[in-house]
$ cat run-v9.txt   # compact mmCIF, C-alpha atoms and all ligand atoms
# COMPACT_ATOMS: atom_id res chain seq x y z
CA MET A 1 0.00 0.00 0.00
CA GLY A 2 3.02 2.28 0.50
CA GLU A 3 2.56 5.71 1.98
CA CYS A 4 -0.26 6.77 -0.34
CA PHE A 5 -3.18 4.77 1.06
CA SER A 6 -4.54 3.78 4.43
CA ILE A 7 -7.22 1.23 5.24
CA ARG A 8 -9.31 1.81 8.34
CA GLN A 9 -12.72 1.50 9.91
CA ALA A 10 -15.18 4.04 8.47
CA THR A 11 -16.75 6.84 10.48
CA VAL A 12 -19.80 9.00 9.78
CA ASP A 13 -17.46 11.54 8.17
CA ASP A 14 -16.91 8.98 5.37
CA VAL A 15 -20.56 8.72 4.28
CA ASP A 16 -20.18 11.09 1.31
CA GLY A 17 -16.91 9.47 0.22
CA ILE A 18 -18.39 5.97 0.33
CA TYR A 19 -21.47 7.18 -1.54
CA ASN A 20 -19.25 8.68 -4.27
CA VAL A 21 -17.47 5.35 -4.75
CA PHE A 22 -20.79 3.56 -5.14
CA CYS A 23 -21.84 6.14 -7.75
CA SER A 24 -18.55 5.59 -9.61
CA VAL A 25 -19.29 1.89 -10.16
CA GLN A 26 -22.98 2.03 -11.03
CA LEU A 27 -24.04 1.08 -14.53
CA ARG A 28 -25.19 3.77 -16.94
CA GLY A 29 -28.45 2.00 -17.60
CA GLU A 30 -28.22 2.45 -21.38
CA GLY A 31 -27.28 -0.83 -22.95
CA LEU A 32 -24.63 -3.03 -21.42
CA ASP A 33 -21.29 -1.67 -20.22
CA ASP A 34 -17.89 -3.35 -20.39
CA PRO A 35 -18.10 -6.44 -18.11
CA GLU A 36 -14.38 -6.19 -17.35
CA LYS A 37 -15.06 -3.06 -15.29
CA GLY A 38 -17.47 -4.72 -12.91
CA PHE A 39 -20.64 -3.08 -11.68
CA LEU A 40 -23.23 -2.62 -9.00
CA LEU A 41 -26.86 -2.63 -10.01
CA SER A 42 -28.50 -0.07 -7.74
CA ASP A 43 -29.33 3.43 -8.91
CA TYR A 44 -27.23 5.30 -6.36
CA LYS A 45 -27.00 8.55 -8.32
CA ASN A 46 -30.73 9.16 -8.40
CA ASN A 47 -31.32 8.41 -4.73
CA PRO A 48 -28.58 10.18 -2.75
CA GLY A 49 -30.66 10.73 0.39
CA PHE A 50 -31.76 7.11 0.61
CA TYR A 51 -28.34 5.57 0.02
CA LYS A 52 -26.42 8.00 2.22
CA GLN A 53 -28.80 7.22 5.06
CA GLN A 54 -28.39 3.50 4.45
CA ILE A 55 -24.59 3.86 4.55
CA GLU A 56 -24.76 5.93 7.73
CA ASP A 57 -27.04 3.43 9.46
CA LEU A 58 -24.51 0.65 8.82
CA ILE A 59 -21.33 2.72 9.08
CA GLU A 60 -19.72 0.42 11.63
CA GLU A 61 -19.76 -2.33 9.02
CA TYR A 62 -17.78 -0.32 6.48
CA ILE A 63 -14.07 -0.22 5.93
CA VAL A 64 -12.56 2.47 3.75
CA CYS A 65 -9.36 2.71 1.81
CA GLU A 66 -8.33 6.33 1.70
CA GLU A 67 -5.77 7.97 -0.52
CA GLN A 68 -3.87 10.56 1.45
CA PHE A 69 -4.79 14.11 0.40
CA SER A 70 -7.63 13.07 -1.92
CA GLY A 71 -9.99 11.10 0.37
CA ILE A 72 -11.80 7.79 0.16
CA VAL A 73 -11.30 5.56 -2.83
CA ALA A 74 -12.89 2.26 -1.86
CA ALA A 75 -15.40 0.79 0.53
CA PHE A 76 -17.07 -2.40 1.56
CA ARG A 77 -19.10 -3.54 4.49
CA GLY A 78 -18.50 -6.75 6.39
CA GLY A 79 -21.06 -8.44 8.55
CA VAL A 80 -21.25 -9.90 11.99
CA LEU A 81 -20.11 -13.35 12.94
CA ASP A 82 -22.87 -15.93 13.24
CA ASN A 83 -25.49 -13.39 12.34
CA PRO A 84 -28.69 -15.47 12.42
CA ASP A 85 -30.36 -13.41 9.70
CA PHE A 86 -27.42 -13.93 7.45
CA ASN A 87 -27.19 -17.65 8.11
CA ASN A 88 -30.83 -17.95 7.18
CA GLY A 89 -29.98 -16.15 4.00
CA TRP A 90 -27.30 -18.45 2.67
CA LYS A 91 -27.63 -21.81 4.34
CA GLY A 92 -31.17 -22.40 3.27
CA SER A 93 -32.61 -22.22 -0.22
CA PRO A 94 -32.55 -20.78 -2.90
CA TYR A 95 -29.05 -22.06 -3.74
CA GLU A 96 -28.24 -25.09 -5.79
CA TRP A 97 -25.13 -26.46 -4.12
CA ASP A 98 -22.04 -27.65 -5.94
CA THR A 99 -21.41 -30.80 -3.93
CA GLU A 100 -18.04 -31.47 -5.55
CA MET A 101 -16.72 -28.06 -4.53
CA LEU A 102 -18.15 -28.45 -1.04
CA GLU A 103 -16.45 -31.83 -0.67
CA GLY A 104 -13.19 -30.31 -1.91
CA LEU A 105 -13.38 -27.87 1.01
CA GLY A 106 -14.22 -30.66 3.44
CA ILE A 107 -17.78 -29.39 3.90
CA ILE A 108 -20.24 -32.24 4.18
CA ASP A 109 -23.13 -30.29 5.63
CA VAL A 110 -23.59 -26.62 4.69
CA ASP A 111 -25.78 -26.08 7.74
CA ALA A 112 -22.90 -27.11 9.99
CA VAL A 113 -20.41 -24.60 8.58
CA GLY A 114 -19.22 -21.93 10.93
CA PRO A 115 -18.19 -19.54 12.18
CA VAL A 116 -18.30 -17.43 9.06
CA GLY A 117 -17.75 -13.78 8.25
CA ARG A 118 -20.13 -12.23 5.79
CA TYR A 119 -18.36 -10.11 3.24
CA TYR A 120 -20.56 -7.57 1.57
CA THR A 121 -20.22 -5.36 -1.45
CA THR A 122 -16.75 -4.29 -2.49
CA ALA A 123 -16.18 -1.31 -4.73
CA VAL A 124 -12.97 0.34 -5.84
CA HIS A 125 -13.10 3.65 -7.68
CA PRO A 126 -12.12 3.12 -11.35
CA GLU A 127 -9.08 5.39 -10.96
CA PHE A 128 -7.59 3.10 -8.33
CA ARG A 129 -8.16 -0.35 -9.79
CA GLY A 130 -5.50 -2.97 -10.27
CA ARG A 131 -3.55 -2.04 -7.13
CA ARG A 132 -4.78 -4.99 -5.07
CA ILE A 133 -6.90 -2.69 -2.94
CA ALA A 134 -9.81 -5.16 -2.91
CA GLY A 135 -7.57 -7.89 -1.50
CA LYS A 136 -6.00 -5.60 1.08
CA MET A 137 -9.42 -4.57 2.38
CA LYS A 138 -10.45 -8.20 2.70
CA ARG A 139 -7.34 -8.97 4.75
CA PHE A 140 -7.99 -5.93 6.95
CA PHE A 141 -11.53 -7.19 7.52
CA LEU A 142 -10.14 -10.53 8.72
CA GLN A 143 -7.87 -8.87 11.25
CA SER A 144 -10.71 -7.41 13.33
CA ASP A 145 -11.20 -8.90 16.81
CA GLU A 146 -14.61 -10.18 15.86
CA MET A 147 -13.31 -12.04 12.83
CA ARG A 148 -10.48 -13.82 14.62
CA ILE A 149 -12.52 -16.99 15.15
CA ALA A 150 -13.96 -17.07 11.63
CA GLU A 151 -13.04 -20.09 9.56
CA TYR A 152 -14.60 -18.90 6.34
CA VAL A 153 -15.62 -15.74 4.58
CA VAL A 154 -18.79 -16.01 2.55
CA SER A 155 -19.85 -13.65 -0.23
CA THR A 156 -22.70 -13.53 -2.66
CA ILE A 157 -21.78 -12.16 -6.05
CA VAL A 158 -24.05 -10.91 -8.79
CA GLU A 159 -22.39 -12.86 -11.58
CA GLU A 160 -24.64 -12.13 -14.52
CA ILE A 161 -27.59 -9.91 -15.34
CA PHE A 162 -30.31 -10.29 -17.95
CA VAL A 163 -32.08 -7.07 -18.85
CA GLU A 164 -35.45 -7.18 -20.55
CA GLY A 165 -35.15 -5.70 -24.03
CA LEU A 166 -31.39 -6.17 -24.33
CA PRO A 167 -30.15 -9.02 -26.51
CA GLN A 168 -27.23 -10.18 -24.39
CA SER A 169 -26.61 -10.82 -20.75
CA MET A 170 -23.68 -9.19 -18.96
CA LYS A 171 -21.29 -10.96 -16.64
CA ASN A 172 -19.42 -9.21 -13.83
CA MET A 173 -15.94 -10.39 -14.77
CA ALA A 174 -14.20 -8.03 -12.34
CA SER A 175 -16.10 -9.39 -9.38
CA ILE A 176 -15.69 -13.05 -10.35
CA GLY A 177 -11.98 -12.53 -11.15
CA SER A 178 -11.18 -10.58 -8.01
CA ASN A 179 -12.90 -13.07 -5.71
CA SER A 180 -11.32 -16.09 -7.39
CA LYS A 181 -7.88 -14.52 -7.16
CA LEU A 182 -8.39 -14.18 -3.41
CA GLY A 183 -9.10 -17.89 -3.04
CA ALA A 184 -12.90 -17.78 -3.10
CA VAL A 185 -14.54 -20.97 -4.35
CA LYS A 186 -18.02 -21.04 -5.81
CA ILE A 187 -20.13 -23.51 -3.87
CA GLY A 188 -23.62 -22.59 -5.02
CA GLN A 189 -25.75 -20.62 -7.39
CA SER A 190 -29.22 -19.20 -7.19
CA SER A 191 -31.59 -19.70 -10.05
CA ARG A 192 -32.46 -16.56 -11.97
CA TYR A 193 -34.67 -14.20 -10.07
CA ARG A 194 -36.00 -10.74 -10.70
CA CYS A 195 -34.44 -7.67 -9.16
CA THR A 196 -36.24 -4.36 -8.76
CA LYS A 197 -35.06 -0.75 -8.34
CA THR A 198 -31.99 -1.14 -10.54
CA VAL A 199 -30.59 1.38 -13.01
CA PHE A 200 -32.51 -0.60 -15.64
CA GLY A 201 -35.74 -0.39 -13.70
CA ASP A 202 -37.56 -3.45 -12.42
CA ASN A 203 -36.93 -5.76 -15.37
CA VAL A 204 -33.63 -7.36 -14.47
CA GLU A 205 -32.92 -10.99 -13.71
CA LEU A 206 -29.81 -12.06 -11.86
CA ILE A 207 -27.64 -15.09 -11.41
CA VAL A 208 -26.09 -14.90 -7.96
CA GLY A 209 -23.11 -17.06 -7.07
CA LEU A 210 -22.30 -18.00 -3.50
CA TYR A 211 -18.57 -18.06 -2.78
CA ILE A 212 -16.70 -19.26 0.26
CA THR A 213 -13.07 -18.57 1.17
CA PRO A 214 -11.18 -20.46 3.86
CA VAL A 215 -9.54 -17.72 5.91
CA ASN A 216 -6.26 -19.59 6.47
CA GLY A 217 -4.98 -18.61 3.07
CA LEU A 218 -5.92 -14.97 3.57
CA ARG A 219 -4.58 -14.21 7.04
CA GLU A 220 -1.18 -12.57 7.12
C1 LIG A 301 -14.07 -5.99 -8.32
C2 LIG A 301 -13.19 -4.83 -7.85
C3 LIG A 301 -13.60 -4.46 -6.41
C4 LIG A 301 -11.70 -5.27 -7.87
O1 LIG A 301 -10.92 -4.22 -7.33
P1 LIG A 301 -9.34 -4.07 -7.56
O2 LIG A 301 -8.77 -3.41 -6.36
O3 LIG A 301 -9.07 -3.42 -8.86
O4 LIG A 301 -8.86 -5.54 -7.67
P2 LIG A 301 -7.43 -6.03 -7.29
O5 LIG A 301 -6.37 -5.04 -7.73
O6 LIG A 301 -7.40 -6.44 -5.85
O7 LIG A 301 -7.31 -7.30 -8.23
C5 LIG A 301 -6.80 -8.51 -7.76
C6 LIG A 301 -7.07 -9.58 -8.79
O8 LIG A 301 -8.46 -9.63 -9.12
C7 LIG A 301 -8.60 -9.99 -10.48
N1 LIG A 301 -9.31 -8.93 -11.18
C8 LIG A 301 -9.43 -7.63 -10.84
N2 LIG A 301 -10.14 -6.96 -11.75
C9 LIG A 301 -10.49 -7.86 -12.70
C10 LIG A 301 -11.22 -7.79 -13.91
N3 LIG A 301 -11.73 -6.63 -14.32
N4 LIG A 301 -11.41 -8.91 -14.63
C11 LIG A 301 -10.86 -10.08 -14.23
N5 LIG A 301 -10.14 -10.21 -13.09
C12 LIG A 301 -9.97 -9.11 -12.34
C13 LIG A 301 -7.23 -10.17 -11.06
O9 LIG A 301 -6.90 -11.54 -11.00
C14 LIG A 301 -6.35 -9.39 -10.09
O10 LIG A 301 -5.10 -9.95 -9.97
P3 LIG A 301 -3.87 -9.43 -10.87
O11 LIG A 301 -3.69 -8.00 -10.51
O12 LIG A 301 -2.75 -10.30 -10.46
O13 LIG A 301 -4.26 -9.62 -12.29
C15 LIG A 301 -13.33 -3.59 -8.77
O14 LIG A 301 -13.12 -4.00 -10.11
C16 LIG A 301 -14.68 -2.91 -8.68
O15 LIG A 301 -14.92 -2.09 -7.81
N6 LIG A 301 -15.60 -3.21 -9.62
C17 LIG A 301 -16.92 -2.56 -9.65
C18 LIG A 301 -17.81 -2.99 -8.50
C19 LIG A 301 -17.93 -4.50 -8.44
O16 LIG A 301 -18.11 -5.17 -9.43
N7 LIG A 301 -17.83 -4.99 -7.20
C20 LIG A 301 -17.96 -6.40 -6.92
C21 LIG A 301 -19.36 -6.68 -6.52
S1 LIG A 301 -19.35 -7.69 -5.06
$ encode --input "run-v9.txt" --output "structure tokens"
Amino acid sequence: MGECFSIRQATVDDVDGIYNVFCSVQLRGEGLDDPEKGFLLSDYKNNPGFYKQQIEDLIEEYIVCEEQFSGIVAAFRGGVLDNPDFNNGWKGSPYEWDTEMLEGLGIIDVDAVGPVGRYYTTAVHPEFRGRRIAGKMKRFFLQSDEMRIAEYVVSTIVEEIFVEGLPQSMKNMASIGSNSKLGAVKIGQSSRYRCTKTVFGDNVELIVGLYITPVNGLRE
């Protein structure tokens, strides 16, 4: 990271900076963008009040990577260990499990996996890509006191979107590539379901992949 960047827990003073990063990665909503860039689906730009409030409400779950002198460049939020709401969200349906991958990780029963850390949305401003910032934030997340007992990090990734009226789907190659590089293994996939309130309106279907990363390989 050198002397130019620092990674730290976010504070309420970072709400605008985090919001700006989210805006920098949202899709234009006119046709399909370059999948290599990665994307988030929500329409952050048109709902500043709503999203800034949402960020502020969950500020303790955000980590920021800040460039000295210029401010925040990247943000993600990580969840709470053994969060019952979260466990309900990934251990049950709607995922189709990849039993071969699960076996490869030594997981016989998904319901018995734990403790896990939930890793939420990652976004790096386009100007600061390719500097391993995403990986450094994930390692920082694992160093927190709460995460010390975690055996796995689990993330859901929007892998592909299908927009009504557009001929082709779009994959999120940046997200898939970045997670795989950090040792994440895909263990399940949801069937296509409809997503509302996106930059494309309410006519978007998603394929969501569920990825799990053993933390041993990530801890420094
Ligand atoms: C995904 C994202 C966070 C990666 O951030 P980053 O800091 O540039 O990624 P890193 O520098 O840590 O990249 C590490 C590895 O990830 C992989 N990777 C990164 N960007 C990639 C891309 N566009 N396509 C394929 N692989 C990619 C590469 O293997 C890279 O390793 P390398 O440098 O040895 O080639 C960033 O592209 C982004 O913010 N995209 C838009 C938002 C998004 O899609 N977020 C993910 C949703 S959960």
$ closest_residue --input "run-v9.txt" --among "A:Ser191, A:Ser6, A:Ser144, A:Thr121" --to "ligand LIG 301 (chain A)" --atoms "only C-alpha atoms and all ligand atoms"
A:Thr121
$ residues_near_ligand --input "run-v9.txt" --ligand "ligand LIG 301 (chain A)" --cutoff "7 Å" --atoms "only C-alpha atoms and all ligand atoms" --output "number ranges by chain"
A: 25, 36-40, 120-126, 128-135, 157-158, 172-179, 181
$ residues_around --input "run-v9.txt" --residues "Ser155 (chain A)" --least-positions-apart "3" --cutoff "9 Å" --atoms "all atoms listed in the file" --output "short mmCIF file (atom, residue, chain, number, x, y, z; two decimals) with C-alpha atoms, in the coordinates of the input"
data_model
loop_
_atom_site.label_atom_id
_atom_site.label_comp_id
_atom_site.auth_asym_id
_atom_site.auth_seq_id
_atom_site.Cartn_x
_atom_site.Cartn_y
_atom_site.Cartn_z
CA GLY A 117 -17.75 -13.78 8.25
CA ARG A 118 -20.13 -12.23 5.79
CA TYR A 119 -18.36 -10.11 3.24
CA TYR A 120 -20.56 -7.57 1.57
CA THR A 121 -20.22 -5.36 -1.45
CA ASN A 179 -12.90 -13.07 -5.71
CA ALA A 184 -12.90 -17.78 -3.10
CA GLY A 209 -23.11 -17.06 -7.07
CA LEU A 210 -22.30 -18.00 -3.50
CA TYR A 211 -18.57 -18.06 -2.78
CA ILE A 212 -16.70 -19.26 0.26
CA THR A 213 -13.07 -18.57 1.17
#
$ residues_around --input "run-v9.txt" --residues "region 49-64 of chain A" --least-positions-apart "3" --cutoff "12 Å" --atoms "only C-alpha atoms" --output "JSON, numbers by chain"
{"A": [5, 6, 7, 8, 9, 10, 11, 12, 13, 14, 15, 16, 17, 18, 19, 20, 21, 22, 23, 42, 43, 44, 45, 46, 67, 71, 72, 73, 74, 75, 76, 77, 78, 79, 80, 81, 117, 118, 119, 120, 121, 122, 123, 124, 125, 133, 134, 136, 137, 138, 139, 140, 141, 142, 143, 144, 146]}
$ atom_distance --input "run-v9.txt" --atom1 "CA of Phe162 (chain A)" --atom2 "CA of Asp202 (chain A)"
11.4 Å
$ atom_distance --input "run-v9.txt" --atom1 "CA of Cys4 (chain A)" --atom2 "CA of Phe69 (chain A)"
8.7 Å
$ atom_distance --input "run-v9.txt" --atom1 "CA of Val208 (chain A)" --atom2 "CA of Arg192 (chain A)"
7.7 Å
$ residues_around --input "run-v9.txt" --residues "Leu32 (chain A)" --least-positions-apart "6" --cutoff "12 Å" --atoms "all atoms listed in the file" --output "PyMOL selection string"
chain A and resi 26+38-39+41+160-172+199-200
$ write_last_selection --input "run-v9.txt" --atoms "C-alpha atoms" --output "compact mmCIF listing (two decimals), in the frame of the given file"
# COMPACT_ATOMS: atom_id res chain seq x y z
CA GLN A 26 -22.98 2.03 -11.03
CA GLY A 38 -17.47 -4.72 -12.91
CA PHE A 39 -20.64 -3.08 -11.68
CA LEU A 41 -26.86 -2.63 -10.01
CA GLU A 160 -24.64 -12.13 -14.52
CA ILE A 161 -27.59 -9.91 -15.34
CA PHE A 162 -30.31 -10.29 -17.95
CA VAL A 163 -32.08 -7.07 -18.85
CA GLU A 164 -35.45 -7.18 -20.55
CA GLY A 165 -35.15 -5.70 -24.03
CA LEU A 166 -31.39 -6.17 -24.33
CA PRO A 167 -30.15 -9.02 -26.51
CA GLN A 168 -27.23 -10.18 -24.39
CA SER A 169 -26.61 -10.82 -20.75
CA MET A 170 -23.68 -9.19 -18.96
CA LYS A 171 -21.29 -10.96 -16.64
CA ASN A 172 -19.42 -9.21 -13.83
CA VAL A 199 -30.59 1.38 -13.01
CA PHE A 200 -32.51 -0.60 -15.64
$ closest_residue --input "run-v9.txt" --among "A:Gly188, A:Gly31, A:Pro214, A:Gly201" --to "Val110 (chain A)" --atoms "all atoms listed in the file"
A:Gly188
$ closest_residue --input "run-v9.txt" --among "A:Leu206, A:Tyr193, A:Cys65, A:Thr198" --to "Arg28 (chain A)" --atoms "only C-alpha atoms"
A:Thr198
$ build_atoms --input "run-v9.txt" --residues "region 127-158 of chain A" --atoms "N, CA and C atoms" --output "PDB file, in the frame of the given file"
ATOM      1  N   GLU A 127     -10.441   4.815 -10.885  1.00  0.00           N
ATOM      2  CA  GLU A 127      -9.080   5.390 -10.960  1.00  0.00           C
ATOM      3  C   GLU A 127      -8.046   4.594 -10.165  1.00  0.00           C
ATOM      4  N   PHE A 128      -8.529   3.762  -9.247  1.00  0.00           N
ATOM      5  CA  PHE A 128      -7.590   3.100  -8.330  1.00  0.00           C
ATOM      6  C   PHE A 128      -7.607   1.585  -8.457  1.00  0.00           C
ATOM      7  N   ARG A 129      -8.087   1.105  -9.582  1.00  0.00           N
ATOM      8  CA  ARG A 129      -8.160  -0.350  -9.790  1.00  0.00           C
ATOM      9  C   ARG A 129      -6.780  -0.932 -10.032  1.00  0.00           C
ATOM     10  N   GLY A 130      -6.711  -2.253  -9.902  1.00  0.00           N
ATOM     11  CA  GLY A 130      -5.500  -2.970 -10.270  1.00  0.00           C
ATOM     12  C   GLY A 130      -4.336  -2.760  -9.311  1.00  0.00           C
ATOM     13  N   ARG A 131      -4.627  -2.248  -8.113  1.00  0.00           N
ATOM     14  CA  ARG A 131      -3.550  -2.040  -7.130  1.00  0.00           C
ATOM     15  C   ARG A 131      -3.737  -2.964  -5.930  1.00  0.00           C
ATOM     16  N   ARG A 132      -4.540  -3.996  -6.133  1.00  0.00           N
ATOM     17  CA  ARG A 132      -4.780  -4.990  -5.070  1.00  0.00           C
ATOM     18  C   ARG A 132      -5.495  -4.391  -3.865  1.00  0.00           C
ATOM     19  N   ILE A 133      -6.210  -3.309  -4.070  1.00  0.00           N
ATOM     20  CA  ILE A 133      -6.900  -2.690  -2.940  1.00  0.00           C
ATOM     21  C   ILE A 133      -8.010  -3.602  -2.420  1.00  0.00           C
ATOM     22  N   ALA A 134      -8.717  -4.277  -3.339  1.00  0.00           N
ATOM     23  CA  ALA A 134      -9.810  -5.160  -2.910  1.00  0.00           C
ATOM     24  C   ALA A 134      -9.271  -6.238  -1.974  1.00  0.00           C
ATOM     25  N   GLY A 135      -8.151  -6.829  -2.327  1.00  0.00           N
ATOM     26  CA  GLY A 135      -7.570  -7.890  -1.500  1.00  0.00           C
ATOM     27  C   GLY A 135      -7.083  -7.356  -0.162  1.00  0.00           C
ATOM     28  N   LYS A 136      -6.516  -6.172  -0.172  1.00  0.00           N
ATOM     29  CA  LYS A 136      -6.000  -5.600   1.080  1.00  0.00           C
ATOM     30  C   LYS A 136      -7.148  -5.285   2.041  1.00  0.00           C
ATOM     31  N   MET A 137      -8.273  -4.846   1.499  1.00  0.00           N
ATOM     32  CA  MET A 137      -9.420  -4.570   2.380  1.00  0.00           C
ATOM     33  C   MET A 137      -9.946  -5.866   2.981  1.00  0.00           C
ATOM     34  N   LYS A 138      -9.941  -6.931   2.180  1.00  0.00           N
ATOM     35  CA  LYS A 138     -10.450  -8.200   2.700  1.00  0.00           C
ATOM     36  C   LYS A 138      -9.555  -8.709   3.835  1.00  0.00           C
ATOM     37  N   ARG A 139      -8.254  -8.538   3.688  1.00  0.00           N
ATOM     38  CA  ARG A 139      -7.340  -8.970   4.750  1.00  0.00           C
ATOM     39  C   ARG A 139      -7.532  -8.106   6.004  1.00  0.00           C
ATOM     40  N   PHE A 140      -7.752  -6.824   5.811  1.00  0.00           N
ATOM     41  CA  PHE A 140      -7.990  -5.930   6.950  1.00  0.00           C
ATOM     42  C   PHE A 140      -9.247  -6.392   7.704  1.00  0.00           C
ATOM     43  N   PHE A 141     -10.268  -6.719   6.947  1.00  0.00           N
ATOM     44  CA  PHE A 141     -11.530  -7.190   7.520  1.00  0.00           C
ATOM     45  C   PHE A 141     -11.285  -8.411   8.417  1.00  0.00           C
ATOM     46  N   LEU A 142     -10.408  -9.299   7.971  1.00  0.00           N
ATOM     47  CA  LEU A 142     -10.140 -10.530   8.720  1.00  0.00           C
ATOM     48  C   LEU A 142      -9.341 -10.309   9.992  1.00  0.00           C
ATOM     49  N   GLN A 143      -8.699  -9.139  10.069  1.00  0.00           N
ATOM     50  CA  GLN A 143      -7.870  -8.870  11.250  1.00  0.00           C
ATOM     51  C   GLN A 143      -8.668  -8.317  12.432  1.00  0.00           C
ATOM     52  N   SER A 144      -9.932  -7.986  12.223  1.00  0.00           N
ATOM     53  CA  SER A 144     -10.710  -7.410  13.330  1.00  0.00           C
ATOM     54  C   SER A 144     -10.870  -8.456  14.437  1.00  0.00           C
ATOM     55  N   ASP A 145     -11.053  -7.981  15.663  1.00  0.00           N
ATOM     56  CA  ASP A 145     -11.200  -8.900  16.810  1.00  0.00           C
ATOM     57  C   ASP A 145     -12.332  -9.876  16.566  1.00  0.00           C
ATOM     58  N   GLU A 146     -13.429  -9.352  16.050  1.00  0.00           N
ATOM     59  CA  GLU A 146     -14.610 -10.180  15.860  1.00  0.00           C
ATOM     60  C   GLU A 146     -14.344 -11.330  14.874  1.00  0.00           C
ATOM     61  N   MET A 147     -13.522 -11.047  13.886  1.00  0.00           N
ATOM     62  CA  MET A 147     -13.310 -12.040  12.830  1.00  0.00           C
ATOM     63  C   MET A 147     -12.236 -13.066  13.163  1.00  0.00           C
ATOM     64  N   ARG A 148     -11.601 -12.928  14.322  1.00  0.00           N
ATOM     65  CA  ARG A 148     -10.480 -13.820  14.620  1.00  0.00           C
ATOM     66  C   ARG A 148     -10.883 -15.286  14.672  1.00  0.00           C
ATOM     67  N   ILE A 149     -12.114 -15.577  15.060  1.00  0.00           N
ATOM     68  CA  ILE A 149     -12.520 -16.990  15.150  1.00  0.00           C
ATOM     69  C   ILE A 149     -13.161 -17.507  13.859  1.00  0.00           C
ATOM     70  N   ALA A 150     -13.306 -16.630  12.876  1.00  0.00           N
ATOM     71  CA  ALA A 150     -13.960 -17.070  11.630  1.00  0.00           C
ATOM     72  C   ALA A 150     -13.100 -18.099  10.902  1.00  0.00           C
ATOM     73  N   GLU A 151     -13.752 -19.092  10.360  1.00  0.00           N
ATOM     74  CA  GLU A 151     -13.040 -20.090   9.560  1.00  0.00           C
ATOM     75  C   GLU A 151     -13.212 -19.836   8.071  1.00  0.00           C
ATOM     76  N   TYR A 152     -14.305 -19.173   7.745  1.00  0.00           N
ATOM     77  CA  TYR A 152     -14.600 -18.900   6.340  1.00  0.00           C
ATOM     78  C   TYR A 152     -15.131 -17.486   6.183  1.00  0.00           C
ATOM     79  N   VAL A 153     -14.921 -16.958   4.990  1.00  0.00           N
ATOM     80  CA  VAL A 153     -15.620 -15.740   4.580  1.00  0.00           C
ATOM     81  C   VAL A 153     -16.570 -16.143   3.471  1.00  0.00           C
ATOM     82  N   VAL A 154     -17.790 -15.664   3.550  1.00  0.00           N
ATOM     83  CA  VAL A 154     -18.790 -16.010   2.550  1.00  0.00           C
ATOM     84  C   VAL A 154     -19.255 -14.742   1.839  1.00  0.00           C
ATOM     85  N   SER A 155     -19.350 -14.801   0.531  1.00  0.00           N
ATOM     86  CA  SER A 155     -19.850 -13.650  -0.230  1.00  0.00           C
ATOM     87  C   SER A 155     -20.838 -14.121  -1.289  1.00  0.00           C
ATOM     88  N   THR A 156     -21.828 -13.295  -1.512  1.00  0.00           N
ATOM     89  CA  THR A 156     -22.700 -13.530  -2.660  1.00  0.00           C
ATOM     90  C   THR A 156     -22.301 -12.531  -3.743  1.00  0.00           C
ATOM     91  N   ILE A 157     -22.235 -13.008  -4.949  1.00  0.00           N
ATOM     92  CA  ILE A 157     -21.780 -12.160  -6.050  1.00  0.00           C
ATOM     93  C   ILE A 157     -22.812 -12.173  -7.167  1.00  0.00           C
ATOM     94  N   VAL A 158     -23.196 -10.986  -7.614  1.00  0.00           N
ATOM     95  CA  VAL A 158     -24.050 -10.910  -8.790  1.00  0.00           C
ATOM     96  C   VAL A 158     -23.149 -11.207  -9.983  1.00  0.00           C
TER      97      VAL A 158
END
